[in-house]
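Reviewing the structure listed below.
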Amino acid sequence: MNKKGFTLVELLAVIAILAIVITIGLISVTRIRENALKKIVATKIEQIEQAAILYGQENPEELTSDNDNCKGVITTENKAGDKTEYNITICTIKTAGELINAGFFDSKYLNKENGKVDLINDYTGKSMLNDTVIIYRRNNRIYSIIDDVKSNAGV
């Protein structure tokens, strides 16, 4: 008798191979999604810093040497990975929420539900409104750097 078809062992082998391929694919997709969310958050952080620079340019009188919270060292890193430390003495600290309320943030990144405006950290799902940014003056130019990304807590 000549039966045409697959044996149980052949079917199990095919199922095992498919399971391995699907697992590898899901791991890759998950990693790609996670990296994309991190890049979205990095873009939002850059937007907060840009809004802070605009705020500092429009409100230079708020950048003072009286603010004890600002005094210290800021470390910046360029695209090549080189780090530079600066002593700051003339600055102010604002939250992302304050910059949004003052109208310095691009509204396309904001979530608007039930009459409330929020900026969501896409990686953690938490609000970025309380994330703080230091706005400081160095060499007669205004700079900003995120001081505390509270919305990344637990990551």
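Here's how to read the names in the structure tokens: chain A, B, ... by the order shown, residue numbers from 1 in each chain, ligand numbers from 1 in the order shown.
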
Using DSSP on the backbone coordinates, identify the residues of chain A assigned to strand (DSSP E); present them as a PyMOL selection string.
chain A and resi 72-77+83-88+91-95+111-113+116-118+132-138+141-148

Output for the residues just chosen: N, CA and C atoms as a CSV table (one decimal), in the first residue's frame:
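Saved file part-v9.csv follows:
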```
chain,number,residue,atom,x,y,z
A,72,GLY,N,26.1,74.7,40.1
A,72,GLY,CA,26.7,73.4,40.0
A,72,GLY,C,27.3,73.1,38.6
A,73,VAL,N,27.5,71.9,38.4
A,73,VAL,CA,28.2,71.5,37.1
A,73,VAL,C,27.2,70.7,36.2
A,74,ILE,N,27.2,71.1,35.0
A,74,ILE,CA,26.4,70.4,33.9
A,74,ILE,C,27.4,69.7,33.0
A,75,THR,N,27.1,68.5,32.7
A,75,THR,CA,27.9,67.7,31.8
A,75,THR,C,27.2,67.5,30.5
A,76,THR,N,27.7,67.9,29.4
A,76,THR,CA,27.1,67.8,28.1
A,76,THR,C,27.9,66.8,27.3
A,77,GLU,N,27.2,66.2,26.3
A,77,GLU,CA,27.9,65.2,25.5
A,77,GLU,C,27.6,65.5,24.0
A,83,LYS,N,32.5,64.3,26.3
A,83,LYS,CA,31.8,65.0,27.4
A,83,LYS,C,32.6,66.2,27.9
A,84,THR,N,31.8,67.3,28.2
A,84,THR,CA,32.4,68.5,28.6
A,84,THR,C,31.6,69.0,29.8
A,85,GLU,N,32.3,69.4,30.9
A,85,GLU,CA,31.7,69.9,32.1
A,85,GLU,C,31.7,71.5,32.1
A,86,TYR,N,30.6,72.1,32.6
A,86,TYR,CA,30.5,73.5,32.7
A,86,TYR,C,30.0,73.9,34.0
A,87,ASN,N,30.5,74.9,34.7
A,87,ASN,CA,30.0,75.4,35.9
A,87,ASN,C,28.9,76.4,35.5
A,88,ILE,N,27.7,76.3,36.0
A,88,ILE,CA,26.7,77.2,35.7
A,88,ILE,C,26.3,78.0,36.9
A,91,CYS,N,20.9,80.8,35.8
A,91,CYS,CA,19.9,79.9,35.2
A,91,CYS,C,18.6,80.0,35.9
A,92,THR,N,17.7,79.1,35.4
A,92,THR,CA,16.3,78.9,36.0
A,92,THR,C,15.9,77.5,35.7
A,93,ILE,N,15.0,77.0,36.5
A,93,ILE,CA,14.5,75.6,36.3
A,93,ILE,C,13.0,75.7,36.0
A,94,LYS,N,12.6,75.0,35.0
A,94,LYS,CA,11.2,74.9,34.6
A,94,LYS,C,10.8,73.5,34.4
A,95,THR,N,9.5,73.2,34.5
A,95,THR,CA,9.0,71.9,34.1
A,95,THR,C,8.5,71.9,32.7
A,111,ASN,N,-0.9,65.4,23.8
A,111,ASN,CA,-2.2,64.6,23.9
A,111,ASN,C,-3.2,65.5,24.5
A,112,LYS,N,-4.4,65.6,23.8
A,112,LYS,CA,-5.4,66.5,24.3
A,112,LYS,C,-6.7,65.6,24.4
A,113,GLU,N,-7.0,65.3,25.7
A,113,GLU,CA,-8.2,64.5,26.0
A,113,GLU,C,-9.0,65.2,27.1
A,116,LYS,N,-7.9,68.3,28.8
A,116,LYS,CA,-6.6,68.4,29.5
A,116,LYS,C,-5.5,68.2,28.4
A,117,VAL,N,-4.4,68.9,28.6
A,117,VAL,CA,-3.3,68.7,27.7
A,117,VAL,C,-2.2,68.0,28.5
A,118,ASP,N,-1.6,67.0,27.8
A,118,ASP,CA,-0.6,66.2,28.4
A,118,ASP,C,0.5,65.8,27.4
A,132,THR,N,11.8,68.1,34.6
A,132,THR,CA,12.4,69.4,34.8
A,132,THR,C,13.6,69.6,33.8
A,133,VAL,N,13.7,70.9,33.4
A,133,VAL,CA,14.8,71.3,32.5
A,133,VAL,C,15.5,72.5,33.1
A,134,ILE,N,16.8,72.5,33.0
A,134,ILE,CA,17.6,73.7,33.4
A,134,ILE,C,17.8,74.6,32.2
A,135,ILE,N,17.5,75.8,32.4
A,135,ILE,CA,17.7,76.8,31.3
A,135,ILE,C,18.9,77.7,31.8
A,136,TYR,N,20.0,77.8,31.1
A,136,TYR,CA,21.1,78.5,31.6
A,136,TYR,C,21.8,79.3,30.5
A,137,ARG,N,22.5,80.3,31.0
A,137,ARG,CA,23.3,81.2,30.1
A,137,ARG,C,24.8,80.9,30.2
A,138,ARG,N,25.4,80.8,29.1
A,138,ARG,CA,26.8,80.6,29.0
A,138,ARG,C,27.4,81.3,27.8
A,141,ARG,N,24.9,83.0,25.5
A,141,ARG,CA,23.9,82.2,24.8
A,141,ARG,C,23.1,81.5,25.7
A,142,ILE,N,21.9,81.1,25.3
A,142,ILE,CA,20.9,80.4,26.2
A,142,ILE,C,21.0,78.9,25.8
A,143,TYR,N,21.1,78.1,26.8
A,143,TYR,CA,21.2,76.6,26.6
A,143,TYR,C,20.2,76.0,27.5
A,144,SER,N,19.9,74.7,27.3
A,144,SER,CA,19.0,74.0,28.2
A,144,SER,C,19.4,72.5,28.2
A,145,ILE,N,19.1,71.9,29.3
A,145,ILE,CA,19.4,70.4,29.4
A,145,ILE,C,18.3,69.8,30.4
A,146,ILE,N,17.8,68.7,30.0
A,146,ILE,CA,16.9,68.0,30.9
A,146,ILE,C,17.6,67.6,32.2
A,147,ASP,N,17.0,68.0,33.3
A,147,ASP,CA,17.7,67.8,34.6
A,147,ASP,C,17.1,66.4,35.2
A,148,ASP,N,15.9,66.2,35.1
A,148,ASP,CA,15.3,65.1,35.8
A,148,ASP,C,14.1,64.6,34.9
```

Selection near Gly125 of chain A, 10 Å with only C-alpha atoms, sequence-local residues under 5 positions removed, as a CSV table (one decimal) with N, CA and C atoms, in the first residue's frame:
```
chain,number,residue,atom,x,y,z
A,119,LEU,N,1.7,65.6,27.9
A,119,LEU,CA,2.8,65.1,27.1
A,119,LEU,C,3.1,63.7,27.7
A,120,ILE,N,2.9,62.7,26.9
A,120,ILE,CA,3.1,61.3,27.4
A,120,ILE,C,4.5,60.8,26.9
A,151,SER,N,9.4,60.9,34.2
A,151,SER,CA,8.5,60.0,33.5
A,151,SER,C,9.3,58.7,33.1
A,152,ASN,N,10.6,58.7,33.3
A,152,ASN,CA,11.4,57.5,33.0
A,152,ASN,C,11.6,56.6,34.2
```

Identify which of the residues A:Asn114, A:Ile100, A:Glu10, A:Asn139 lies closest to Glu49 of chain A, counting only C-alpha atoms when measuring atom-to-atom distances.
A:Ile100

Taking the DSSP assignment computed from this structure's backbone, write out as a PyMOL selection string all residues of chain A that belong to alpha helix (DSSP H).
chain A and resi 8-58+96-101

Looking at only C-alpha atoms, which of A:Lys150, A:Val9, A:Gly97, A:Ser107 is the one that sits closest to Ala52 of chain A?
A:Gly97
